[in-house]
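*Asks:* Got a structure for you, written out below as structure tokens; questions coming shortly.
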Amino acid sequence: MKRTLGLISLALVASSAFAQNRNAIEVMLVAANPEAPAPTASWDTYKMVKDRLGIDLSFSMLPPGVDGDNKLGSLAAANDLPDLFEIRNRSLFFKLQEQGQLAPVESILSLMPKRTRARYSDKKRSVLVTVNGKVMGLQDPVNLSRQYGILIRQDWLDKLGLKAPTTLDEFLEVAKAFTERDPDGNGKKDTYGFGGVIDFDTAGILPGLGLGNHFQWVYGAYGVAGTWNYKAGNKFAANVKDPNYRKATEFIRKMVEAKVMDPDWATMKRSDLRTRWQQGKYGMFFESVGGLLAGYRNFDANNPKAEVRYILAPKGPGGKNATGTFASAGWLFAVSRKALDQGKGPAIAKFLEWANSGEGYNQLAWGKKGVHYNLVKGVPTVTTNNPSERGQYTQMRWLAMNGNTTELKGRYGPITSADGRTYNLYSDFLTVARKSPWIDRTGDLAVPSAPNQADIERYVSESMVQFVLGQRPLNDANWTSFLNGLRGVGFDQYEQNARSVLQKTGFIK
Amino acid sequence: MKPDLTAEPPQDTPLPRPKTSTLKRLMRHQALYVLLIPGLLYFVVFRYWPLWNAQIAFKDFNPTLGVEGSPWAGFKYFIQFFESFYFSQLMTNTLIISVAKLVLGIPPAIILAIAIHEARLKWLARGAQTVSYLPHFLSWVIVFGVLLALLSPSEGLVNQAIGALGGDTIPFLTSPEFFRSVIVLSDIWKETGWGAILYLAALLSINPTLYEAAEVDGATRWQRIWHISIPGMLDVIILVTLLRLGHILDAGFGQIFVLYSLPVYSVADVIDTWVYRQGIQNFQFSLATAVGLFKGLIGLALILTANRMAQRFSGRGLY
């Protein structure tokens with residue numbers, strides 16, 4: 001008995017010594033490619049990190065979206081956060097900071113001069129992670145942002161003899177034609193003018209309150225995209241209170257009434273949308289460069305000779321347009337207090353500096369040279385070899401990638417369809433989709449959630465959906481009662497708080 | 001609440017208890033007590049120990065300080081829940097859905113059990129039983145797929161049929177008028193076969209001589225069901241109803257979470273989905289715990305009252 005106890009205590013001591021090993025770092029990041037599996041235990045990056053840096057790296061993936069937030073939240077509740085991890089949800093960041101689970105990172109920044117100069121020296125970004133004068137996170141610059149746009153079926157336009165819409169009115173006309181005039185020529189009325197879903201993804205894009213990313217361009221056409229209007233002083237307010245917000249909502253109601261949208265839109269998920277545009281059901285839809293690239297082969301197989309391209313966001317009656325809102329801040333990485341207390345700071349800095357440029361950058365961002373990428377005139381360019389294998393191999397890529405133009409070109413090359421036509425996706429995206437304005441709402445990231453954030457979000461989104469679906473007629477009385485109801489969910493306080501935070505952080509005067 | 005496994009096994013002998021020490025009695029029935037251990041352990045680890053941690057409902061829980069070290073917050077989180085904007089709607093939705101599932105869900109299970117029991121072709125009865133309880137093992141995500149294939153306004157079979165008959169499509173999953181019916185009916189479809197197993201077991205335990213005697217006396221099939229089968233199942237019916245009363249504030253999180261969407265929040269948002277969004281997704285674990293505790297207390301109160309009433313009116317109860 002004594003011997004067993006002795007062995008057990010020895011094992012306990014050994015395991016805690018292992019946990020205290022300052023050169024063993026545990027990293028947890030949101031999966032860079034959620035469709036591909038996690039790297040295997042024999043991933044040569046582990047060996048490389050061990051050989052070059054003397055660090056025992058372990059890596060696990062967080063699922064994207066709410067599931068990942070929940071996983072981190074429960075790890076935090078168990079006081080068991082990894083050493084270095086990614087936070088996508090700002091409320092979680094503020095919560096963890098409040099609870100003292102995050103480490104101030106100044107000491108780490110000074111140990112990785114190159115990375116800090118390249119990524120963490122911008123004041124506007126640092127302010128997003130500075131709490132009470134201390135920098136509590138590693139706020140990377142954008143390496144994936146404004147990657148969405150409105151796509152149109154050019155072949156359908158050609159077939160029906162139409163021009164790409166430039167205003168909301170034209171948009172509705174084209175959408176009607178795509179719905180009613182059988183653009184795919186199969187003799188059935190099975191196509192829709194516009195495909196969009198209620199989606200609040202925050203990767204490189206900021207949905208704000210209401211109907212989410214896929215309808216921001218309508219609000220943008222009326223100059224009210226995003227949650228706040230960012231005007232200084234007494235003019236600062238939530239966009240929902242602007243009369244133009246109602247006008248934009250009325251336009252979406254018109255689209256629903258004209259039946260140019262898939263009747264399932266309000267219950268569909270982004271994956272359903274992707275399946276359906278790939279099947280060739282939608283004439284126009286909201287999609288990212290990555291989403292288009294990933295679904296193109298399937299789309300091409302279902303719709304031979306089809307042609308898609310980006311269009312500028314349509315203009316509203318006042319001549320305004322915007323594709324959506326975004327934050328000029330990329331991934332946010334944090335170091336747990338525990339890790340810093342255990343003396344892991346230097347190892348974390350060493351690893352991050354390695355990932356910033358040179359060998360480490362290439363390894364994490366692009367994979368194995370000659371297999372996953374080639375150097376084309378000195379620029380890393382992805383190969384066409386098994387993209388899912390590459391995805392698995394580069395699951396940690398966001399830690400390395402920096403979002404510069406060369407990098408984007410290397411990632412989104414030309415697409416070739418089965419009949420040999422080439423679609424230069426990235427240049428179309430750069431020259432068209434990026435030409436419509438995007439509204440910078442970086443300051444939103446500094447605004448903490450209200451204590452009843454879920455109720456506020458539900459109130460606005462649910463009301464908009466009811467108006468748009470016609471469950472609640474969009475008239476003066478109902479709109480006024482919607483605005484009055486904002487008080488019931490404590491909206492004014494949320495608004496005041498946002499204003500004071502935005503003023504304090506310098507995003508508004 | 002589960003049946004009380006911690007109670008001593010019933011003693012068959014009404015004889016006066018011999019005056020032996022507790023230890024001796026323990027030794028005499030040691031095999032039984034050993035059998036009791038796994039059950040007891042289950043309750044201690046999964047039911048009673050968490051109760052200790054439930055104190056975070058009254059605290060501003062901070063993981064770095066631990067459960068005991070977090071500062072007390074009084075009833076702050078209970079008040080936040082009671083005063084929240086949607087409180088009355090959440091309670092109404094929860095109760096309507098839960099009571100509807102209870103009241104409408106039990107009769108089909110009883111009828112199915114009786115039908116299976118009465119079936120003359122045994123292979124048919126067995127087949128029907130297996131087929132009817134299979135849906136219980138499907139996850140709601142799969143059932144959602146099935147429902148979408150049936151009810152979707154664009155591609156659903158039901159709507160295509162309505163369209164073919166010249167009617168307007170009905171958005172079953174996004175219209176507040178239909179959504180609760182979809183919730184309740186899909187739950188009944190999924191769980192009826194499983195629920196029937198208990199009633200079937202009760203029917204099989206009825207002494208067959210009763211049926212034979214009734215048949216000899218000229219009772220019709222309906223009379224036999226009404227006077228033998230139903231009274232024979234009554235204990236189980238009361239037991240099942242009582243147990244489900246304890247879960248009256250659980251309207252079925254998994255199901256609603258998968259099926260609901262913004263257009264139907266007003267009729268579908270229940271306590272658990274709210275707790276998920278406000279408590280878990282916004283990392284307010286104390287709030288989530290406070291609501292959980294509240295639900296547990298209501299469930300306990302209901303089960304105690306209902307048990308007393310059952311004992312008074314039918315002489316039978318849970319314990």
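Please note that chains go A, B, ... in the order of the structure tokens, that every chain numbers its residues from 1, and that ligands are numbered from 1 in the order shown.
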Which neighbours of Gln255 (chain B) fall inside 9 Å, counting only C-alpha atoms, when residues of the same chain fewer than 4 positions from it are skipped, and could you give them as a count of residues only?
*Replies:* 10
*Asks:* With only C-alpha atoms as the counted atoms, please give the residues lying no more than 12 Å from Met48 (chain A), apart from itself and same-chain residues fewer than 2 positions off, as a PyMOL selection string.
*Replies:* chain A and resi 42-46+50-57+351+354-355+359-360+363-364
*Asks:* Can you list, as a ChimeraX atom specification, every residue of region 49-89 of chain A that DSSP puts in alpha helix (DSSP H)?
*Replies:* /A:49-53,66-77
*Asks:* Restrict the selected residues to C-alpha atoms and save them as a compact mmCIF listing (two decimals), in the first residue's frame.
*Replies:*
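Saved as again-v5.txt:
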```
# COMPACT_ATOMS: atom_id res chain seq x y z
CA VAL A 49 10.18 23.62 -33.22
CA LYS A 50 11.90 21.21 -30.85
CA ASP A 51 15.15 21.16 -32.86
CA ARG A 52 15.39 24.86 -33.61
CA LEU A 53 13.89 26.42 -30.52
CA VAL A 66 -19.93 29.90 -31.01
CA ASP A 67 -18.70 26.36 -30.34
CA GLY A 68 -15.13 27.56 -30.07
CA ASP A 69 -16.14 30.43 -27.80
CA ASN A 70 -18.00 27.99 -25.57
CA LYS A 71 -15.04 25.65 -25.41
CA LEU A 72 -12.72 28.45 -24.34
CA GLY A 73 -15.36 29.70 -21.91
CA SER A 74 -15.59 26.32 -20.23
CA LEU A 75 -11.80 25.92 -20.10
CA ALA A 76 -11.71 29.35 -18.48
CA ALA A 77 -14.40 28.37 -15.99
```
*Asks:* Can you work out which one of B:Ser261, B:Ser205, B:Ser229, B:Ser286 has the shortest atom-to-atom distance to Phe58 (chain B), counting only C-alpha atoms?
*Replies:*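 Using only C-alpha atoms, Phe58 (chain B) sits closest to B:Ser286.
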*Asks:* With chain A as the partner and 9 Å as the cut-off, tabulate the residues of chain B that qualify, each row holding the nearest pair of atoms and their distance in Å to one decimal, using only C-alpha atoms, sorted by chain and rising number, as CSV.
*Replies:*
```
residue,atom,partner,partner_atom,distance
B:Phe61,CA,A:Ala77,CA,8.6
B:Asn62,CA,A:Gln99,CA,5.8
B:Pro63,CA,A:Ala77,CA,5.2
B:Thr64,CA,A:Asn79,CA,6.0
B:Leu65,CA,A:Gln99,CA,8.7
B:Gly66,CA,A:Asn79,CA,8.2
B:Gln80,CA,A:Asn452,CA,8.9
B:Ser84,CA,A:Asn452,CA,7.9
B:Phe85,CA,A:Val489,CA,5.9
B:Tyr86,CA,A:Asp455,CA,7.5
B:Ser152,CA,A:Asp264,CA,6.7
B:Pro153,CA,A:Pro263,CA,6.1
B:Ser154,CA,A:Pro263,CA,6.0
B:Pro171,CA,A:Pro263,CA,8.0
B:Leu173,CA,A:Thr267,CA,7.8
B:Thr174,CA,A:Thr267,CA,7.2
B:Ser175,CA,A:Gln471,CA,8.2
B:Pro176,CA,A:Gln471,CA,8.7
B:Leu259,CA,A:Thr267,CA,8.8
B:Tyr260,CA,A:Thr267,CA,8.1
B:Ser261,CA,A:Thr267,CA,5.9
B:Leu262,CA,A:Glu462,CA,5.3
B:Pro263,CA,A:Val465,CA,5.9
B:Val264,CA,A:Glu462,CA,8.3
B:Tyr265,CA,A:Glu462,CA,7.2
B:Ser266,CA,A:Glu462,CA,8.3
B:Trp274,CA,A:Ala454,CA,8.0
B:Arg277,CA,A:Ala454,CA,6.0
B:Gln278,CA,A:Ala454,CA,5.2
B:Gly279,CA,A:Ala454,CA,8.9
B:Ile280,CA,A:Asn70,CA,7.0
B:Gln281,CA,A:Asn70,CA,6.4
B:Asn282,CA,A:Ser91,CA,6.8
B:Phe283,CA,A:Gly73,CA,6.3
B:Gln284,CA,A:Pro451,CA,8.9
B:Phe285,CA,A:Ala77,CA,8.0
```
*Asks:* Record the distance separating CA of Pro50 (chain B) and CA of Leu239 (chain B), expressed in Å with one decimal.
*Replies:*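 For CA of Pro50 (chain B) relative to CA of Leu239 (chain B), the distance reads 26.0 Å.
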*Asks:* Would you please work out which residue, of B:Asn207, B:Ser181, B:Gln311, B:Thr241, is nearest to Ile96 (chain B) when using only C-alpha atoms?
*Replies:*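 Ranked by minimum distance to Ile96 (chain B), first place goes to B:Ser181.
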*Asks:* If I take CA of Tyr120 (chain A) and CA of Pro141 (chain A), how far is one from the other in Å, to one decimal?
*Replies:*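 If I compute the distance from CA of Tyr120 (chain A) to CA of Pro141 (chain A), I get 7.8 Å.
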*Asks:* How many Å lie between CA of Gly506 (chain A) and CA of Val129 (chain A), rounded to one decimal?
*Replies:* 13.7 Å
*Asks:* Would you please give, as a list of chain:residue names, all residues of region 140-172 of chain A that DSSP assigns to strand (DSSP E) based on the backbone?
*Replies:*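 Restricting region 140-172 of chain A to strand (DSSP E) produces A:Tyr148, A:Gly149, A:Ile150, A:Leu151, A:Ile152, A:Arg153.
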*Asks:* Contacts of Glu495 (chain A) at 10 Å or less, counting only C-alpha atoms, minus same-chain residues fewer than 6 places along, as a list of chain:residue names?
*Replies:*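 Listed by chain and then number, they are A:Thr227, A:Trp228, A:Phe236, A:Ala237, A:Ala238, A:Val447, A:Ala450, A:Val501.
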*Asks:* I'd like the contact shell of Phe429 (chain A) - 10 Å cut-off, only C-alpha atoms, skipping same-chain residues fewer than 2 positions apart - returned as a ChimeraX atom specification.
*Replies:* /A:147-149,151,288-289,309-311,412,424-427,431-435
*Asks:* Go ahead and write the residues just picked, N, CA and C atoms, as a PDB file, in the first residue's frame.
*Replies:*
```
ATOM      1  N   GLN A 147     -13.343  40.219 -47.088  1.00  0.00           N
ATOM      2  CA  GLN A 147     -13.125  39.199 -48.115  1.00  0.00           C
ATOM      3  C   GLN A 147     -14.425  38.799 -48.799  1.00  0.00           C
ATOM      4  N   TYR A 148     -15.505  39.507 -48.453  1.00  0.00           N
ATOM      5  CA  TYR A 148     -16.813  39.177 -49.036  1.00  0.00           C
ATOM      6  C   TYR A 148     -17.203  40.150 -50.142  1.00  0.00           C
ATOM      7  N   GLY A 149     -18.182  39.778 -50.893  1.00  0.00           N
ATOM      8  CA  GLY A 149     -18.743  40.680 -51.888  1.00  0.00           C
ATOM      9  C   GLY A 149     -20.012  40.075 -52.459  1.00  0.00           C
ATOM     10  N   LEU A 151     -21.819  38.481 -55.520  1.00  0.00           N
ATOM     11  CA  LEU A 151     -21.476  37.809 -56.771  1.00  0.00           C
ATOM     12  C   LEU A 151     -22.697  37.745 -57.667  1.00  0.00           C
ATOM     13  N   SER A 288     -17.638  34.938 -49.814  1.00  0.00           N
ATOM     14  CA  SER A 288     -16.256  35.371 -49.652  1.00  0.00           C
ATOM     15  C   SER A 288     -15.382  34.779 -50.753  1.00  0.00           C
ATOM     16  N   VAL A 289     -14.189  35.347 -50.914  1.00  0.00           N
ATOM     17  CA  VAL A 289     -13.247  34.809 -51.903  1.00  0.00           C
ATOM     18  C   VAL A 289     -12.948  33.352 -51.583  1.00  0.00           C
ATOM     19  N   ARG A 309     -19.070  36.594 -61.248  1.00  0.00           N
ATOM     20  CA  ARG A 309     -18.112  37.648 -60.973  1.00  0.00           C
ATOM     21  C   ARG A 309     -18.676  38.589 -59.912  1.00  0.00           C
ATOM     22  N   TYR A 310     -17.772  39.340 -59.318  1.00  0.00           N
ATOM     23  CA  TYR A 310     -18.210  40.281 -58.282  1.00  0.00           C
ATOM     24  C   TYR A 310     -18.808  41.526 -58.914  1.00  0.00           C
ATOM     25  N   ILE A 311     -19.770  42.133 -58.200  1.00  0.00           N
ATOM     26  CA  ILE A 311     -20.272  43.449 -58.631  1.00  0.00           C
ATOM     27  C   ILE A 311     -20.085  44.446 -57.488  1.00  0.00           C
ATOM     28  N   TYR A 412      -4.885  33.133 -53.484  1.00  0.00           N
ATOM     29  CA  TYR A 412      -6.059  33.073 -54.337  1.00  0.00           C
ATOM     30  C   TYR A 412      -5.671  33.244 -55.799  1.00  0.00           C
ATOM     31  N   ASN A 424      -9.888  34.816 -63.138  1.00  0.00           N
ATOM     32  CA  ASN A 424      -8.870  35.347 -62.250  1.00  0.00           C
ATOM     33  C   ASN A 424      -9.531  35.931 -61.016  1.00  0.00           C
ATOM     34  N   LEU A 425      -9.805  35.025 -60.074  1.00  0.00           N
ATOM     35  CA  LEU A 425     -10.595  35.357 -58.896  1.00  0.00           C
ATOM     36  C   LEU A 425     -10.030  36.544 -58.134  1.00  0.00           C
ATOM     37  N   TYR A 426      -8.749  36.473 -57.831  1.00  0.00           N
ATOM     38  CA  TYR A 426      -8.219  37.490 -56.934  1.00  0.00           C
ATOM     39  C   TYR A 426      -8.217  38.867 -57.575  1.00  0.00           C
ATOM     40  N   SER A 427      -7.896  38.921 -58.882  1.00  0.00           N
ATOM     41  CA  SER A 427      -7.845  40.253 -59.472  1.00  0.00           C
ATOM     42  C   SER A 427      -9.264  40.798 -59.627  1.00  0.00           C
ATOM     43  N   THR A 431     -10.161  44.273 -57.986  1.00  0.00           N
ATOM     44  CA  THR A 431     -10.522  45.414 -58.819  1.00  0.00           C
ATOM     45  C   THR A 431     -12.005  45.735 -58.737  1.00  0.00           C
ATOM     46  N   VAL A 432     -12.837  44.776 -58.317  1.00  0.00           N
ATOM     47  CA  VAL A 432     -14.265  45.076 -58.242  1.00  0.00           C
ATOM     48  C   VAL A 432     -14.784  45.122 -56.816  1.00  0.00           C
ATOM     49  N   ALA A 433     -14.765  43.962 -56.157  1.00  0.00           N
ATOM     50  CA  ALA A 433     -15.406  43.897 -54.843  1.00  0.00           C
ATOM     51  C   ALA A 433     -14.783  44.888 -53.857  1.00  0.00           C
ATOM     52  N   ARG A 434     -13.467  45.012 -53.892  1.00  0.00           N
ATOM     53  CA  ARG A 434     -12.802  45.904 -52.952  1.00  0.00           C
ATOM     54  C   ARG A 434     -12.996  47.376 -53.296  1.00  0.00           C
ATOM     55  N   LYS A 435     -13.536  47.632 -54.516  1.00  0.00           N
ATOM     56  CA  LYS A 435     -13.755  49.023 -54.902  1.00  0.00           C
ATOM     57  C   LYS A 435     -14.994  49.615 -54.235  1.00  0.00           C
TER      58      LYS A 435
END
```
*Asks:* So that I can check the surroundings of region 157-173 of chain A, please list as a list in words every protein, DNA and RNA residue that reaches within 7 Å of it, counting only C-alpha atoms and ignoring chain neighbours fewer than 3 positions away.
*Replies:*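 In the requested format, the answer is Arg153, Gln154, Lys176, Ala177, Pro183, Met255, Pro314, Lys315 and Gly316 of chain A.
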*Asks:* For the selection just defined, write its residues with all heavy atoms to a file, as a CSV table (one decimal), in the first residue's frame.
*Replies:*
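Dumped everything to part.csv:
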```csv
chain,number,residue,atom,x,y,z
A,153,ARG,N,-24.3,36.0,-61.5
A,153,ARG,CA,-24.2,35.0,-62.6
A,153,ARG,C,-24.1,35.8,-63.9
A,153,ARG,O,-25.2,36.1,-64.4
A,153,ARG,CB,-25.4,34.1,-62.5
A,153,ARG,CG,-25.3,33.0,-61.4
A,153,ARG,CD,-24.3,32.0,-61.7
A,153,ARG,NE,-24.5,31.2,-62.9
A,153,ARG,CZ,-25.2,30.1,-62.9
A,153,ARG,NH1,-25.7,29.6,-61.8
A,153,ARG,NH2,-25.3,29.4,-64.0
A,154,GLN,N,-22.9,36.0,-64.4
A,154,GLN,CA,-22.8,36.8,-65.6
A,154,GLN,C,-23.5,36.0,-66.8
A,154,GLN,O,-24.1,36.7,-67.6
A,154,GLN,CB,-21.3,37.0,-65.9
A,154,GLN,CG,-21.0,37.8,-67.1
A,154,GLN,CD,-21.5,39.2,-67.0
A,154,GLN,OE1,-21.4,39.9,-66.0
A,154,GLN,NE2,-22.1,39.7,-68.1
A,176,LYS,N,-35.7,40.0,-59.9
A,176,LYS,CA,-37.0,39.5,-60.4
A,176,LYS,C,-36.9,38.7,-61.7
A,176,LYS,O,-37.4,37.7,-61.8
A,176,LYS,CB,-38.0,40.7,-60.7
A,176,LYS,CG,-38.7,41.2,-59.4
A,176,LYS,CD,-39.7,42.3,-59.8
A,176,LYS,CE,-40.2,43.0,-58.6
A,176,LYS,NZ,-40.7,44.3,-58.9
A,177,ALA,N,-36.0,39.3,-62.6
A,177,ALA,CA,-35.8,38.6,-63.9
A,177,ALA,C,-35.2,37.2,-63.6
A,177,ALA,O,-35.6,36.2,-64.2
A,177,ALA,CB,-34.9,39.4,-64.8
A,183,PRO,N,-33.7,31.8,-66.0
A,183,PRO,CA,-32.4,32.0,-66.5
A,183,PRO,C,-31.5,30.8,-66.8
A,183,PRO,O,-30.7,30.8,-67.7
A,183,PRO,CB,-31.7,32.9,-65.5
A,183,PRO,CG,-32.4,32.6,-64.2
A,183,PRO,CD,-33.8,32.2,-64.6
A,255,MET,N,-38.0,42.9,-51.3
A,255,MET,CA,-37.4,41.7,-51.9
A,255,MET,C,-38.1,40.5,-51.5
A,255,MET,O,-38.3,39.6,-52.3
A,255,MET,CB,-35.9,41.6,-51.5
A,255,MET,CG,-35.0,42.6,-52.2
A,255,MET,SD,-33.3,42.0,-52.3
A,255,MET,CE,-32.7,41.9,-50.7
A,314,PRO,N,-24.7,47.9,-54.8
A,314,PRO,CA,-25.6,48.8,-55.4
A,314,PRO,C,-25.8,50.1,-54.6
A,314,PRO,O,-25.8,50.1,-53.4
A,314,PRO,CB,-26.9,48.0,-55.6
A,314,PRO,CG,-26.8,46.9,-54.7
A,314,PRO,CD,-25.4,46.6,-54.5
A,315,LYS,N,-26.1,51.2,-55.3
A,315,LYS,CA,-26.3,52.5,-54.6
A,315,LYS,C,-27.7,52.7,-54.2
A,315,LYS,O,-28.6,52.3,-54.9
A,315,LYS,CB,-25.9,53.6,-55.6
A,315,LYS,CG,-24.4,53.7,-55.8
A,315,LYS,CD,-24.0,55.0,-56.5
A,315,LYS,CE,-22.5,55.2,-56.5
A,315,LYS,NZ,-21.8,54.9,-57.6
A,316,GLY,N,-27.8,53.4,-53.1
A,316,GLY,CA,-29.2,53.7,-52.6
A,316,GLY,C,-29.7,55.0,-53.2
A,316,GLY,O,-29.0,55.6,-54.1
```
*Asks:* Need the shell around Asp250 (chain B): protein/DNA/RNA residues with any atom at most 10 Å away, counting only C-alpha atoms. Skip same-chain ones fewer than 2 positions apart. Format as a ChimeraX atom specification?
*Replies:* /B:94-95,97-98,244-248,252-253,270-272,295-296,299
*Asks:* Output all heavy atoms of each residue in that selection to a file, as a compact mmCIF listing (two decimals), in the first residue's frame.
*Replies:*
```
# COMPACT_ATOMS: atom_id res chain seq x y z
N THR B 94 -42.09 28.10 -22.19
CA THR B 94 -41.62 26.87 -21.57
C THR B 94 -42.79 26.03 -21.09
O THR B 94 -42.87 24.83 -21.37
CB THR B 94 -40.70 27.19 -20.37
OG1 THR B 94 -39.70 28.10 -20.81
CG2 THR B 94 -40.06 25.95 -19.82
N LEU B 95 -43.73 26.69 -20.38
CA LEU B 95 -44.85 25.94 -19.82
C LEU B 95 -45.76 25.39 -20.91
O LEU B 95 -46.16 24.23 -20.87
CB LEU B 95 -45.64 26.81 -18.84
CG LEU B 95 -44.90 27.03 -17.51
CD1 LEU B 95 -45.62 28.05 -16.65
CD2 LEU B 95 -44.76 25.71 -16.76
N ILE B 97 -45.10 24.65 -24.07
CA ILE B 97 -44.48 23.54 -24.81
C ILE B 97 -44.36 22.30 -23.94
O ILE B 97 -44.69 21.19 -24.34
CB ILE B 97 -43.11 23.97 -25.37
CG1 ILE B 97 -43.30 25.06 -26.43
CG2 ILE B 97 -42.36 22.78 -25.95
CD1 ILE B 97 -42.02 25.66 -26.96
N SER B 98 -43.94 22.51 -22.70
CA SER B 98 -43.71 21.38 -21.82
C SER B 98 -45.02 20.67 -21.45
O SER B 98 -45.11 19.44 -21.51
CB SER B 98 -43.01 21.91 -20.56
OG SER B 98 -42.56 20.87 -19.80
N ARG B 244 -42.25 13.21 -14.88
CA ARG B 244 -42.12 14.27 -15.89
C ARG B 244 -42.49 15.62 -15.34
O ARG B 244 -42.01 16.64 -15.83
CB ARG B 244 -42.93 13.92 -17.13
CG ARG B 244 -42.23 12.80 -17.89
CD ARG B 244 -42.77 12.56 -19.27
NE ARG B 244 -42.85 13.76 -20.08
CZ ARG B 244 -43.20 13.70 -21.35
NH1 ARG B 244 -43.47 12.55 -21.91
NH2 ARG B 244 -43.28 14.81 -22.07
N LEU B 245 -43.34 15.65 -14.32
CA LEU B 245 -43.68 16.93 -13.69
C LEU B 245 -42.44 17.60 -13.11
O LEU B 245 -42.31 18.82 -13.12
CB LEU B 245 -44.71 16.73 -12.59
CG LEU B 245 -46.17 16.81 -13.01
CD1 LEU B 245 -47.05 16.59 -11.80
CD2 LEU B 245 -46.47 18.17 -13.65
N GLY B 246 -41.52 16.79 -12.63
CA GLY B 246 -40.29 17.34 -12.08
C GLY B 246 -39.47 18.06 -13.14
O GLY B 246 -38.62 18.88 -12.83
N HIS B 247 -39.72 17.73 -14.39
CA HIS B 247 -38.96 18.37 -15.48
C HIS B 247 -39.82 19.35 -16.25
O HIS B 247 -39.59 19.59 -17.42
CB HIS B 247 -38.43 17.30 -16.44
CG HIS B 247 -37.36 16.47 -15.82
ND1 HIS B 247 -36.07 16.93 -15.71
CD2 HIS B 247 -37.38 15.25 -15.25
CE1 HIS B 247 -35.35 16.00 -15.11
NE2 HIS B 247 -36.12 14.98 -14.82
N ILE B 248 -40.82 19.89 -15.57
CA ILE B 248 -41.79 20.72 -16.28
C ILE B 248 -41.14 21.95 -16.92
O ILE B 248 -41.62 22.47 -17.91
CB ILE B 248 -42.95 21.13 -15.32
CG1 ILE B 248 -44.17 21.57 -16.11
CG2 ILE B 248 -42.54 22.20 -14.36
CD1 ILE B 248 -44.97 20.47 -16.65
N GLY B 252 -37.16 20.90 -23.55
CA GLY B 252 -36.43 20.17 -24.58
C GLY B 252 -35.42 21.05 -25.28
O GLY B 252 -35.65 21.49 -26.40
N PHE B 253 -34.32 21.33 -24.61
CA PHE B 253 -33.33 22.27 -25.17
C PHE B 253 -32.81 21.82 -26.53
O PHE B 253 -32.82 22.59 -27.49
CB PHE B 253 -32.16 22.45 -24.20
CG PHE B 253 -31.02 23.24 -24.79
CD1 PHE B 253 -31.12 24.61 -24.90
CD2 PHE B 253 -29.88 22.62 -25.26
CE1 PHE B 253 -30.10 25.35 -25.47
CE2 PHE B 253 -28.85 23.35 -25.84
CZ PHE B 253 -28.97 24.72 -25.93
N VAL B 270 -37.26 29.40 -25.00
CA VAL B 270 -37.62 28.88 -23.68
C VAL B 270 -36.49 29.17 -22.70
O VAL B 270 -35.43 29.68 -23.09
CB VAL B 270 -37.89 27.35 -23.73
CG1 VAL B 270 -39.14 27.06 -24.53
CG2 VAL B 270 -36.71 26.60 -24.30
N ILE B 271 -36.71 28.86 -21.45
CA ILE B 271 -35.72 29.20 -20.43
C ILE B 271 -34.34 28.69 -20.82
O ILE B 271 -33.35 29.42 -20.76
CB ILE B 271 -36.14 28.60 -19.06
CG1 ILE B 271 -37.44 29.25 -18.60
CG2 ILE B 271 -35.05 28.82 -18.03
CD1 ILE B 271 -37.96 28.69 -17.31
N ASP B 272 -34.26 27.45 -21.26
CA ASP B 272 -32.95 26.85 -21.53
C ASP B 272 -32.23 27.50 -22.71
O ASP B 272 -31.02 27.66 -22.67
CB ASP B 272 -33.09 25.35 -21.80
CG ASP B 272 -33.35 24.60 -20.50
OD1 ASP B 272 -33.09 25.18 -19.44
OD2 ASP B 272 -33.81 23.46 -20.57
N LYS B 295 -35.02 26.34 -11.68
CA LYS B 295 -35.79 25.28 -12.34
C LYS B 295 -35.89 24.04 -11.48
O LYS B 295 -36.93 23.41 -11.38
CB LYS B 295 -35.12 24.91 -13.67
CG LYS B 295 -35.43 25.85 -14.79
CD LYS B 295 -34.61 25.51 -16.03
CE LYS B 295 -34.66 24.03 -16.34
NZ LYS B 295 -33.72 23.65 -17.39
N GLY B 296 -34.77 23.70 -10.84
CA GLY B 296 -34.75 22.52 -9.98
C GLY B 296 -35.72 22.65 -8.82
O GLY B 296 -36.43 21.71 -8.49
N GLY B 299 -39.27 22.29 -9.97
CA GLY B 299 -39.50 20.89 -10.26
C GLY B 299 -39.72 20.09 -8.98
O GLY B 299 -40.65 19.28 -8.88
```
